[in-house]
Amino acid sequence: MLKKKFDKSKLPSRHVTEGPARAPHRSYYYAMGISEEEIAQPFIGVATCWNEAAPCNIALNRQAQAVKLGVKEGFGTPREFTTITVTDGIAMGHEGMRSSLASREAIADTVELTMRGHCYDAIVGLAGCDKSLPGMMMAMVRLNVPSVFIYGGSIMPGRFQGRDVTVQDVFEAVGRHQAGQNSDEELRALEKVACPSAGACGGQFTANTMACVSEAIGLALLNSSGAPAPYESRDAYATASGLAVMELLEKNIRARDVVTRKSLENAARVVACTGGSTNAGLHLPAIAHEAGIDFDLDDVCEIFRDTPYFVDLKPGGQYVAKDLYEAGGVPVVMKELRKAGLIHEDCMTASGETIGEALDKIEGWADGTVIYPIENPITKTGGVVGLKGNLAPEGAIVKVAGMAEDEQVFTGPARVFECEEDAFEAVKQRAYKEGEVLVIRNEGPASGPGMREMLATTAALSGQGMGKKVALITDGRFSGATRGFCVGHVGPESARGGPIGKLRDGDMITIDAIKGEISVAVSEDELEAREYKPRETIYSSGALWKYAQLVGSTRLGAVTHPGAKEEKHIYADL
């Protein structure tokens with residue numbers, strides 16, 4: 001078969017493969033068994049977050065091999081490399097969670113450095129756990145090379161006492177165990193069956209939310225995120241992704257041709273209508289930042305505000321990612337949005353088609369069980385809501401999917417904690433009262449450092465049956481698996497002078513998710529007069545110290561560099 005000839009005269013890999021001066025470089029490639037013909041082809045980075053940390057990532061190695069087959073079929077030379085992940089489920093509820101959000105930046109940075117150092121021409125990125133998905137997409141947009149993203153797939157649901165369960169059930173069972181409602185043996189039996197396979201957490205938590213984003217934003221092939229990790233059918237999507245990146249390279253369609261203001265709005269729509277993770281309010285602005293697009297928390301929440309919620313997924317609903325896939329997946333969800341005129345159809349996608357052209361090929365329709373028809377949604381507004389007020393001048397975010405309208409307004413006295421551990425201990429000891437607003441501060445990106453998720457605390461509250469009887473606010477984050485009236489991303493954070501640092505026990509706080517307001521009944525003068533010294537961190541060196549020095553506002557995505565607006569070159573054009 002005749003090989004396709006690519007002109008490498010303007011591709012980055014020419015710097016390591018072309019001309020007499022690159023003879024030493026070519027020697028290294030021959031040492032790895034690469035032929036002269038393969039050296040003359042475009043070099044494609046196949047970046048994976050494979051590791052043995054958790055089931056989220058364990059299947060990525062296999063899928064990367066399938067990607068490489070697709071690259072080779074498209075007459076490219078694949079070069080596989082790995083980067084880190086910090087898996088939130090294992091990092092949850094202890095000091096390890098400080099590494100989670102910082103790992104997003106480390107993933108983007110290390111993928112960028114690997115691509116730059118070896119002059120790869122395009123990238124297929126595979127990711128499985130929460131921060132690895134946005135981290136990989138951020139690197140693609142930062143480099144602005146032809147890029148295809150592929151999710152490693154979700155975990156299968158476990159079965160316990162005749163019902164489907166996820167790791168969320170285990171976190172909540174800890175709360176019931178603390179309340180004496182289940183025994184050591186029951187908890188042990190549940191923990192052994194809740195996670196029965198490879199793959200990321202099965203509900204519409206952060207990993208699956210960002211997997212849906214990858215399709216909606218156009219960086220992933222339609223329906224590629226849906227099949228669970230153990231399904232060998234995933235390999236066909238991986239191979240197709242490898243072939244697709246070669247077609248994008250031939251047409252010179254780059255990541256920033258795909259990620260635009262309109263495609264970010266499409267992604268935010270899909271988050272809202274699926275009741276996705278509040279973490280999308282952090283990651284979408286961070287991806288936009290890499291493209292030099294102004295798209296902050298306010299913009300995300302504006303989309304959330306007028307998007308119906310019509311996909312019934314855990315934690316607020318009943319179903320998991322496998323069920324969504326079997327109901328037609330993200331493409332059917334986007335077809336429903338299109339019916340209401342809520343999708344920009346002219347956005348480019350990884351297939352080389354516009355989203356409208358790609359959706360025209362999708363035959364499925366809403367099944368009425370997992371995916372409701374948009375004209376008959378679960379609720380008329382999105383499953384995630386933005387809040388603002390004198391307690392959060394830079395905004396905050398709350399997931400209301402699965403909450404009745406009368407549960408979306410809460411007023412109560414503050415009970416203030418200086419860190420998550422203090423709050424968890426109080427919940428464990430039931431040293432709080434019904435009707436209170438639990439406040440956890442010093443957990444923002446800089447003050448934490450690392451902006452920890454509070455799933456251990458919120459799940460314990462739910463497990464004690466108190467999830468609807470108290471509210472919780474924090475300058476930290478919540479897991480996508482969190483449910484109950486839990487407000488995160490309160491900004492500015494305590495270490496940056498935010499009003500959350502001025503709160504005292506007993507202050508009356510009102511949260512109104514219907515109006516989008518969050519306030520404290522304390523005058524501006526009194527708040528100003530109160531003094532607050534943030535808790536001193538123990539992280540005075542190392543990676544978390546560096547992160548705390550660099551990290552910016554939560555409203556802007558908690559990013560650590562100036563972004564595309566300040567760049568003076570495009571990597572692919574050097």
# chains A, B, ... in the order shown; residues from 1 in each chain; ligands from 1
>>> residues_around(residues="segment 178-190 of chain A", least_positions_apart="5", cutoff="8 Å", atoms="only C-alpha atoms", output="number ranges by chain")
A: 160, 170, 173, 428, 460, 463-464
>>> select_by_dssp(residues="segment 33-155 of chain A", states="strand (DSSP E)", output="VMD selection string")
chain A and resid 43 to 48 77 to 82 122 to 127 147 to 151
>>> write_last_selection(atoms="N, CA, C and O atoms", output="PDB file, in the first residue's frame")
ATOM      1  N   PHE A  43       5.022  13.019  13.819  1.00  0.00           N
ATOM      2  CA  PHE A  43       5.097  12.395  15.137  1.00  0.00           C
ATOM      3  C   PHE A  43       3.878  12.839  15.951  1.00  0.00           C
ATOM      4  O   PHE A  43       3.635  14.039  16.129  1.00  0.00           O
ATOM      5  N   ILE A  44       3.155  11.863  16.459  1.00  0.00           N
ATOM      6  CA  ILE A  44       1.914  12.131  17.192  1.00  0.00           C
ATOM      7  C   ILE A  44       2.092  11.718  18.652  1.00  0.00           C
ATOM      8  O   ILE A  44       2.333  10.545  18.947  1.00  0.00           O
ATOM      9  N   GLY A  45       1.972  12.669  19.553  1.00  0.00           N
ATOM     10  CA  GLY A  45       2.011  12.330  20.973  1.00  0.00           C
ATOM     11  C   GLY A  45       0.745  11.599  21.375  1.00  0.00           C
ATOM     12  O   GLY A  45      -0.363  12.047  21.065  1.00  0.00           O
ATOM     13  N   VAL A  46       0.909  10.453  22.018  1.00  0.00           N
ATOM     14  CA  VAL A  46      -0.225   9.718  22.589  1.00  0.00           C
ATOM     15  C   VAL A  46      -0.037   9.790  24.104  1.00  0.00           C
ATOM     16  O   VAL A  46       0.748   9.043  24.687  1.00  0.00           O
ATOM     17  N   ALA A  47      -0.723  10.743  24.706  1.00  0.00           N
ATOM     18  CA  ALA A  47      -0.507  11.054  26.122  1.00  0.00           C
ATOM     19  C   ALA A  47      -1.554  10.350  26.968  1.00  0.00           C
ATOM     20  O   ALA A  47      -2.752  10.501  26.731  1.00  0.00           O
ATOM     21  N   THR A  48      -1.123   9.575  27.944  1.00  0.00           N
ATOM     22  CA  THR A  48      -2.076   8.904  28.819  1.00  0.00           C
ATOM     23  C   THR A  48      -1.779   9.220  30.278  1.00  0.00           C
ATOM     24  O   THR A  48      -0.644   9.540  30.646  1.00  0.00           O
ATOM     25  N   THR A  77       3.380   8.515  13.045  1.00  0.00           N
ATOM     26  CA  THR A  77       4.231   7.729  13.933  1.00  0.00           C
ATOM     27  C   THR A  77       3.871   8.090  15.377  1.00  0.00           C
ATOM     28  O   THR A  77       4.174   9.197  15.840  1.00  0.00           O
ATOM     29  N   PRO A  78       3.196   7.197  16.100  1.00  0.00           N
ATOM     30  CA  PRO A  78       2.764   7.509  17.465  1.00  0.00           C
ATOM     31  C   PRO A  78       3.906   7.411  18.461  1.00  0.00           C
ATOM     32  O   PRO A  78       4.738   6.503  18.368  1.00  0.00           O
ATOM     33  N   ARG A  79       3.928   8.327  19.403  1.00  0.00           N
ATOM     34  CA  ARG A  79       4.925   8.286  20.477  1.00  0.00           C
ATOM     35  C   ARG A  79       4.167   8.402  21.793  1.00  0.00           C
ATOM     36  O   ARG A  79       3.681   9.463  22.174  1.00  0.00           O
ATOM     37  N   GLU A  80       4.069   7.291  22.482  1.00  0.00           N
ATOM     38  CA  GLU A  80       3.297   7.235  23.727  1.00  0.00           C
ATOM     39  C   GLU A  80       4.101   7.786  24.893  1.00  0.00           C
ATOM     40  O   GLU A  80       5.294   7.519  25.022  1.00  0.00           O
ATOM     41  N   PHE A  81       3.427   8.551  25.758  1.00  0.00           N
ATOM     42  CA  PHE A  81       4.040   8.974  27.014  1.00  0.00           C
ATOM     43  C   PHE A  81       2.949   9.093  28.071  1.00  0.00           C
ATOM     44  O   PHE A  81       1.762   9.166  27.755  1.00  0.00           O
ATOM     45  N   THR A  82       3.362   9.094  29.319  1.00  0.00           N
ATOM     46  CA  THR A  82       2.399   9.156  30.428  1.00  0.00           C
ATOM     47  C   THR A  82       2.655  10.397  31.268  1.00  0.00           C
ATOM     48  O   THR A  82       3.716  11.002  31.218  1.00  0.00           O
ATOM     49  N   ALA A 122       1.084  16.633  16.827  1.00  0.00           N
ATOM     50  CA  ALA A 122      -0.336  16.576  17.189  1.00  0.00           C
ATOM     51  C   ALA A 122      -0.441  15.686  18.419  1.00  0.00           C
ATOM     52  O   ALA A 122       0.539  15.056  18.828  1.00  0.00           O
ATOM     53  N   ILE A 123      -1.623  15.631  18.994  1.00  0.00           N
ATOM     54  CA  ILE A 123      -1.776  14.855  20.228  1.00  0.00           C
ATOM     55  C   ILE A 123      -3.130  14.166  20.284  1.00  0.00           C
ATOM     56  O   ILE A 123      -4.154  14.734  19.893  1.00  0.00           O
ATOM     57  N   VAL A 124      -3.106  12.925  20.767  1.00  0.00           N
ATOM     58  CA  VAL A 124      -4.307  12.245  21.254  1.00  0.00           C
ATOM     59  C   VAL A 124      -4.085  12.054  22.745  1.00  0.00           C
ATOM     60  O   VAL A 124      -3.088  11.469  23.163  1.00  0.00           O
ATOM     61  N   GLY A 125      -4.998  12.591  23.552  1.00  0.00           N
ATOM     62  CA  GLY A 125      -4.843  12.528  25.005  1.00  0.00           C
ATOM     63  C   GLY A 125      -5.895  11.647  25.634  1.00  0.00           C
ATOM     64  O   GLY A 125      -7.084  11.792  25.333  1.00  0.00           O
ATOM     65  N   LEU A 126      -5.490  10.726  26.494  1.00  0.00           N
ATOM     66  CA  LEU A 126      -6.394   9.821  27.192  1.00  0.00           C
ATOM     67  C   LEU A 126      -6.353  10.125  28.681  1.00  0.00           C
ATOM     68  O   LEU A 126      -5.272  10.226  29.269  1.00  0.00           O
ATOM     69  N   ALA A 127      -7.532  10.263  29.292  1.00  0.00           N
ATOM     70  CA  ALA A 127      -7.593  10.570  30.720  1.00  0.00           C
ATOM     71  C   ALA A 127      -8.776   9.858  31.352  1.00  0.00           C
ATOM     72  O   ALA A 127      -9.755   9.543  30.677  1.00  0.00           O
ATOM     73  N   SER A 147      -5.716  18.059  17.831  1.00  0.00           N
ATOM     74  CA  SER A 147      -5.883  17.362  19.111  1.00  0.00           C
ATOM     75  C   SER A 147      -7.181  16.575  19.147  1.00  0.00           C
ATOM     76  O   SER A 147      -8.225  17.074  18.719  1.00  0.00           O
ATOM     77  N   VAL A 148      -7.114  15.360  19.695  1.00  0.00           N
ATOM     78  CA  VAL A 148      -8.310  14.559  19.947  1.00  0.00           C
ATOM     79  C   VAL A 148      -8.215  14.026  21.370  1.00  0.00           C
ATOM     80  O   VAL A 148      -7.197  13.449  21.760  1.00  0.00           O
ATOM     81  N   PHE A 149      -9.275  14.218  22.126  1.00  0.00           N
ATOM     82  CA  PHE A 149      -9.343  13.726  23.500  1.00  0.00           C
ATOM     83  C   PHE A 149     -10.163  12.442  23.528  1.00  0.00           C
ATOM     84  O   PHE A 149     -11.149  12.304  22.796  1.00  0.00           O
ATOM     85  N   ILE A 150      -9.759  11.506  24.380  1.00  0.00           N
ATOM     86  CA  ILE A 150     -10.599  10.327  24.595  1.00  0.00           C
ATOM     87  C   ILE A 150     -10.597   9.953  26.078  1.00  0.00           C
ATOM     88  O   ILE A 150      -9.548   9.904  26.731  1.00  0.00           O
ATOM     89  N   TYR A 151     -11.781   9.766  26.590  1.00  0.00           N
ATOM     90  CA  TYR A 151     -12.008   9.383  27.992  1.00  0.00           C
ATOM     91  C   TYR A 151     -11.793   7.881  28.129  1.00  0.00           C
ATOM     92  O   TYR A 151     -12.124   7.105  27.230  1.00  0.00           O
TER      93      TYR A 151
END
>>> closest_atom_pairs(of="segment 255-361 of chain A", to="segment 498-521 of chain A", cutoff="12 Å", atoms="only C-alpha atoms", output="Markdown table")
| residue | atom | partner | partner_atom | distance |
| --- | --- | --- | --- | --- |
| A:Asp298 | CA | A:Gly516 | CA | 11.2 |
| A:Cys301 | CA | A:Gly516 | CA | 9.5 |
| A:Glu302 | CA | A:Gly516 | CA | 10.4 |
| A:Phe304 | CA | A:Gly516 | CA | 11.1 |
| A:Arg305 | CA | A:Gly516 | CA | 8.9 |
| A:Asp306 | CA | A:Ile514 | CA | 11.8 |
>>> closest_atom_pairs(of="segment 118-218 of chain A", to="segment 287-297 of chain A", cutoff="12 Å", atoms="only C-alpha atoms", output="JSON lines")
{"residue": "A:Leu133", "atom": "CA", "partner": "A:Ile287", "partner_atom": "CA", "distance": 10.7}
{"residue": "A:Pro134", "atom": "CA", "partner": "A:Ile287", "partner_atom": "CA", "distance": 7.1}
{"residue": "A:Gly135", "atom": "CA", "partner": "A:Ile287", "partner_atom": "CA", "distance": 8.5}
{"residue": "A:Met136", "atom": "CA", "partner": "A:Ile287", "partner_atom": "CA", "distance": 9.7}
{"residue": "A:Met137", "atom": "CA", "partner": "A:Ile287", "partner_atom": "CA", "distance": 6.9}
{"residue": "A:Met138", "atom": "CA", "partner": "A:Ile287", "partner_atom": "CA", "distance": 5.1}
{"residue": "A:Ala139", "atom": "CA", "partner": "A:Glu290", "partner_atom": "CA", "distance": 8.0}
{"residue": "A:Met140", "atom": "CA", "partner": "A:Glu290", "partner_atom": "CA", "distance": 8.8}
{"residue": "A:Val141", "atom": "CA", "partner": "A:Glu290", "partner_atom": "CA", "distance": 5.7}
{"residue": "A:Arg142", "atom": "CA", "partner": "A:Glu290", "partner_atom": "CA", "distance": 5.0}
{"residue": "A:Leu143", "atom": "CA", "partner": "A:Glu290", "partner_atom": "CA", "distance": 8.7}
{"residue": "A:Asn144", "atom": "CA", "partner": "A:Ala291", "partner_atom": "CA", "distance": 8.3}
{"residue": "A:Val145", "atom": "CA", "partner": "A:Ala291", "partner_atom": "CA", "distance": 12.0}
{"residue": "A:Met210", "atom": "CA", "partner": "A:Ile287", "partner_atom": "CA", "distance": 11.3}
{"residue": "A:Val213", "atom": "CA", "partner": "A:Ile287", "partner_atom": "CA", "distance": 11.0}
{"residue": "A:Ser214", "atom": "CA", "partner": "A:Ile287", "partner_atom": "CA", "distance": 11.0}
{"residue": "A:Ile217", "atom": "CA", "partner": "A:Ile287", "partner_atom": "CA", "distance": 10.3}
>>> closest_atom_pairs(of="segment 215-294 of chain A", to="segment 387-397 of chain A", cutoff="12 Å", atoms="only C-alpha atoms", output="CSV")
residue,atom,partner,partner_atom,distance
A:Gly276,CA,A:Ile397,CA,12.0
A:Ser277,CA,A:Ile397,CA,10.1
A:Thr278,CA,A:Ile397,CA,6.5
A:Asn279,CA,A:Ile397,CA,9.0
A:Ala280,CA,A:Ile397,CA,10.1
A:Gly281,CA,A:Ile397,CA,7.6
A:Leu282,CA,A:Ile397,CA,9.8
>>> decode(residues="segment 140-262 of chain A", atoms="C-alpha atoms", output="PDB file, in the first residue's frame")
ATOM      1  CA  MET A 140      -4.205  20.675  23.943  1.00  0.00           C
ATOM      2  CA  VAL A 141      -5.566  24.215  23.785  1.00  0.00           C
ATOM      3  CA  ARG A 142      -2.334  25.711  25.165  1.00  0.00           C
ATOM      4  CA  LEU A 143      -0.231  23.983  22.492  1.00  0.00           C
ATOM      5  CA  ASN A 144      -2.841  24.626  19.777  1.00  0.00           C
ATOM      6  CA  VAL A 145      -1.955  21.548  17.750  1.00  0.00           C
ATOM      7  CA  PRO A 146      -4.415  19.145  16.091  1.00  0.00           C
ATOM      8  CA  SER A 147      -5.883  17.362  19.111  1.00  0.00           C
ATOM      9  CA  VAL A 148      -8.310  14.559  19.947  1.00  0.00           C
ATOM     10  CA  PHE A 149      -9.343  13.726  23.500  1.00  0.00           C
ATOM     11  CA  ILE A 150     -10.599  10.327  24.595  1.00  0.00           C
ATOM     12  CA  TYR A 151     -12.008   9.383  27.992  1.00  0.00           C
ATOM     13  CA  GLY A 152     -11.012   6.070  29.502  1.00  0.00           C
ATOM     14  CA  GLY A 153     -14.617   5.207  30.367  1.00  0.00           C
ATOM     15  CA  SER A 154     -16.676   4.848  33.516  1.00  0.00           C
ATOM     16  CA  ILE A 155     -16.817   2.056  36.051  1.00  0.00           C
ATOM     17  CA  MET A 156     -19.641  -0.471  36.023  1.00  0.00           C
ATOM     18  CA  PRO A 157     -22.213  -0.045  38.796  1.00  0.00           C
ATOM     19  CA  GLY A 158     -21.910  -2.389  41.746  1.00  0.00           C
ATOM     20  CA  ARG A 159     -24.827  -4.427  43.103  1.00  0.00           C
ATOM     21  CA  PHE A 160     -25.729  -4.470  46.783  1.00  0.00           C
ATOM     22  CA  GLN A 161     -28.919  -5.783  48.316  1.00  0.00           C
ATOM     23  CA  GLY A 162     -30.630  -5.857  44.939  1.00  0.00           C
ATOM     24  CA  ARG A 163     -29.785  -2.327  43.795  1.00  0.00           C
ATOM     25  CA  ASP A 164     -27.090  -0.549  41.798  1.00  0.00           C
ATOM     26  CA  VAL A 165     -24.497   1.236  43.922  1.00  0.00           C
ATOM     27  CA  THR A 166     -21.514   3.532  43.386  1.00  0.00           C
ATOM     28  CA  VAL A 167     -18.671   4.786  45.542  1.00  0.00           C
ATOM     29  CA  GLN A 168     -20.994   7.645  46.571  1.00  0.00           C
ATOM     30  CA  ASP A 169     -23.053   5.037  48.447  1.00  0.00           C
ATOM     31  CA  VAL A 170     -19.939   3.948  50.337  1.00  0.00           C
ATOM     32  CA  PHE A 171     -19.079   7.516  51.380  1.00  0.00           C
ATOM     33  CA  GLU A 172     -22.656   7.987  52.591  1.00  0.00           C
ATOM     34  CA  ALA A 173     -22.613   4.610  54.336  1.00  0.00           C
ATOM     35  CA  VAL A 174     -19.739   5.933  56.458  1.00  0.00           C
ATOM     36  CA  GLY A 175     -22.139   8.589  57.778  1.00  0.00           C
ATOM     37  CA  ARG A 176     -24.781   5.963  58.539  1.00  0.00           C
ATOM     38  CA  HIS A 177     -22.128   3.856  60.258  1.00  0.00           C
ATOM     39  CA  GLN A 178     -21.134   6.840  62.419  1.00  0.00           C
ATOM     40  CA  ALA A 179     -24.810   7.262  63.299  1.00  0.00           C
ATOM     41  CA  GLY A 180     -25.038   3.578  64.289  1.00  0.00           C
ATOM     42  CA  GLN A 181     -27.421   2.775  61.441  1.00  0.00           C
ATOM     43  CA  ASN A 182     -25.309   0.039  59.884  1.00  0.00           C
ATOM     44  CA  SER A 183     -22.789  -2.408  61.257  1.00  0.00           C
ATOM     45  CA  ASP A 184     -19.103  -2.974  60.536  1.00  0.00           C
ATOM     46  CA  GLU A 185     -20.100  -6.064  58.556  1.00  0.00           C
ATOM     47  CA  GLU A 186     -22.638  -4.189  56.390  1.00  0.00           C
ATOM     48  CA  LEU A 187     -20.137  -1.433  55.620  1.00  0.00           C
ATOM     49  CA  ARG A 188     -17.469  -4.000  54.755  1.00  0.00           C
ATOM     50  CA  ALA A 189     -19.854  -5.914  52.477  1.00  0.00           C
ATOM     51  CA  LEU A 190     -20.777  -2.720  50.600  1.00  0.00           C
ATOM     52  CA  GLU A 191     -17.203  -1.532  50.153  1.00  0.00           C
ATOM     53  CA  LYS A 192     -16.255  -4.847  48.545  1.00  0.00           C
ATOM     54  CA  VAL A 193     -18.884  -4.674  45.779  1.00  0.00           C
ATOM     55  CA  ALA A 194     -19.392  -0.950  45.081  1.00  0.00           C
ATOM     56  CA  CYS A 195     -16.558  -0.685  42.528  1.00  0.00           C
ATOM     57  CA  PRO A 196     -16.563  -3.897  40.464  1.00  0.00           C
ATOM     58  CA  SER A 197     -14.405  -2.922  37.454  1.00  0.00           C
ATOM     59  CA  ALA A 198     -11.931  -0.554  35.869  1.00  0.00           C
ATOM     60  CA  GLY A 199     -13.193   2.930  35.107  1.00  0.00           C
ATOM     61  CA  ALA A 200     -13.982   6.293  36.684  1.00  0.00           C
ATOM     62  CA  CYS A 201     -16.816   6.860  39.153  1.00  0.00           C
ATOM     63  CA  GLY A 202     -20.110   6.052  37.467  1.00  0.00           C
ATOM     64  CA  GLY A 203     -22.397   8.920  38.452  1.00  0.00           C
ATOM     65  CA  GLN A 204     -22.430  12.389  36.894  1.00  0.00           C
ATOM     66  CA  PHE A 205     -19.533  13.305  39.107  1.00  0.00           C
ATOM     67  CA  THR A 206     -16.554  15.335  37.860  1.00  0.00           C
ATOM     68  CA  ALA A 207     -14.967  12.704  35.592  1.00  0.00           C
ATOM     69  CA  ASN A 208     -18.149  11.911  33.682  1.00  0.00           C
ATOM     70  CA  THR A 209     -19.142  15.580  33.635  1.00  0.00           C
ATOM     71  CA  MET A 210     -15.853  16.523  31.978  1.00  0.00           C
ATOM     72  CA  ALA A 211     -16.115  13.507  29.671  1.00  0.00           C
ATOM     73  CA  CYS A 212     -19.446  14.909  28.469  1.00  0.00           C
ATOM     74  CA  VAL A 213     -17.726  18.289  28.115  1.00  0.00           C
ATOM     75  CA  SER A 214     -15.044  16.747  25.882  1.00  0.00           C
ATOM     76  CA  GLU A 215     -17.703  15.723  23.361  1.00  0.00           C
ATOM     77  CA  ALA A 216     -19.797  18.888  23.674  1.00  0.00           C
ATOM     78  CA  ILE A 217     -16.783  21.169  23.284  1.00  0.00           C
ATOM     79  CA  GLY A 218     -15.695  19.231  20.200  1.00  0.00           C
ATOM     80  CA  LEU A 219     -12.341  17.792  21.318  1.00  0.00           C
ATOM     81  CA  ALA A 220     -13.660  14.202  21.455  1.00  0.00           C
ATOM     82  CA  LEU A 221     -15.496  12.160  18.842  1.00  0.00           C
ATOM     83  CA  LEU A 222     -19.225  12.008  19.490  1.00  0.00           C
ATOM     84  CA  ASN A 223     -20.248   9.118  21.763  1.00  0.00           C
ATOM     85  CA  SER A 224     -16.605   8.219  22.497  1.00  0.00           C
ATOM     86  CA  SER A 225     -16.972   8.954  26.220  1.00  0.00           C
ATOM     87  CA  GLY A 226     -19.977   6.749  26.887  1.00  0.00           C
ATOM     88  CA  ALA A 227     -18.982   3.086  26.885  1.00  0.00           C
ATOM     89  CA  PRO A 228     -17.766   1.824  30.279  1.00  0.00           C
ATOM     90  CA  ALA A 229     -14.033   1.157  30.624  1.00  0.00           C
ATOM     91  CA  PRO A 230     -14.303  -2.660  30.543  1.00  0.00           C
ATOM     92  CA  TYR A 231     -16.123  -2.628  27.188  1.00  0.00           C
ATOM     93  CA  GLU A 232     -13.688  -3.656  24.490  1.00  0.00           C
ATOM     94  CA  SER A 233     -15.794  -1.560  22.099  1.00  0.00           C
ATOM     95  CA  ARG A 234     -13.894   1.376  23.585  1.00  0.00           C
ATOM     96  CA  ASP A 235     -10.882   0.252  21.567  1.00  0.00           C
ATOM     97  CA  ALA A 236     -12.728   1.054  18.329  1.00  0.00           C
ATOM     98  CA  TYR A 237     -13.261   4.637  19.532  1.00  0.00           C
ATOM     99  CA  ALA A 238      -9.579   4.816  20.472  1.00  0.00           C
ATOM    100  CA  THR A 239      -8.494   3.651  17.019  1.00  0.00           C
ATOM    101  CA  ALA A 240     -10.929   6.084  15.391  1.00  0.00           C
ATOM    102  CA  SER A 241      -9.460   8.885  17.537  1.00  0.00           C
ATOM    103  CA  GLY A 242      -5.952   8.054  16.315  1.00  0.00           C
ATOM    104  CA  LEU A 243      -7.146   8.158  12.714  1.00  0.00           C
ATOM    105  CA  ALA A 244      -9.098  11.373  13.346  1.00  0.00           C
ATOM    106  CA  VAL A 245      -6.046  13.261  14.610  1.00  0.00           C
ATOM    107  CA  MET A 246      -4.225  12.452  11.363  1.00  0.00           C
ATOM    108  CA  GLU A 247      -7.132  13.878   9.374  1.00  0.00           C
ATOM    109  CA  LEU A 248      -7.090  17.018  11.526  1.00  0.00           C
ATOM    110  CA  LEU A 249      -3.348  17.335  10.935  1.00  0.00           C
ATOM    111  CA  GLU A 250      -3.842  17.043   7.185  1.00  0.00           C
ATOM    112  CA  LYS A 251      -6.519  19.768   7.267  1.00  0.00           C
ATOM    113  CA  ASN A 252      -4.577  21.860   9.826  1.00  0.00           C
ATOM    114  CA  ILE A 253      -7.557  21.982  12.196  1.00  0.00           C
ATOM    115  CA  ARG A 254      -6.139  22.876  15.595  1.00  0.00           C
ATOM    116  CA  ALA A 255      -7.444  22.849  19.152  1.00  0.00           C
ATOM    117  CA  ARG A 256      -8.338  26.554  19.139  1.00  0.00           C
ATOM    118  CA  ASP A 257     -10.314  26.101  15.926  1.00  0.00           C
ATOM    119  CA  VAL A 258     -12.435  23.711  18.003  1.00  0.00           C
ATOM    120  CA  VAL A 259     -12.482  25.417  21.422  1.00  0.00           C
ATOM    121  CA  THR A 260     -14.249  28.740  20.900  1.00  0.00           C
ATOM    122  CA  ARG A 261     -16.610  30.881  22.932  1.00  0.00           C
ATOM    123  CA  LYS A 262     -19.533  29.110  21.251  1.00  0.00           C
TER     124      LYS A 262
END
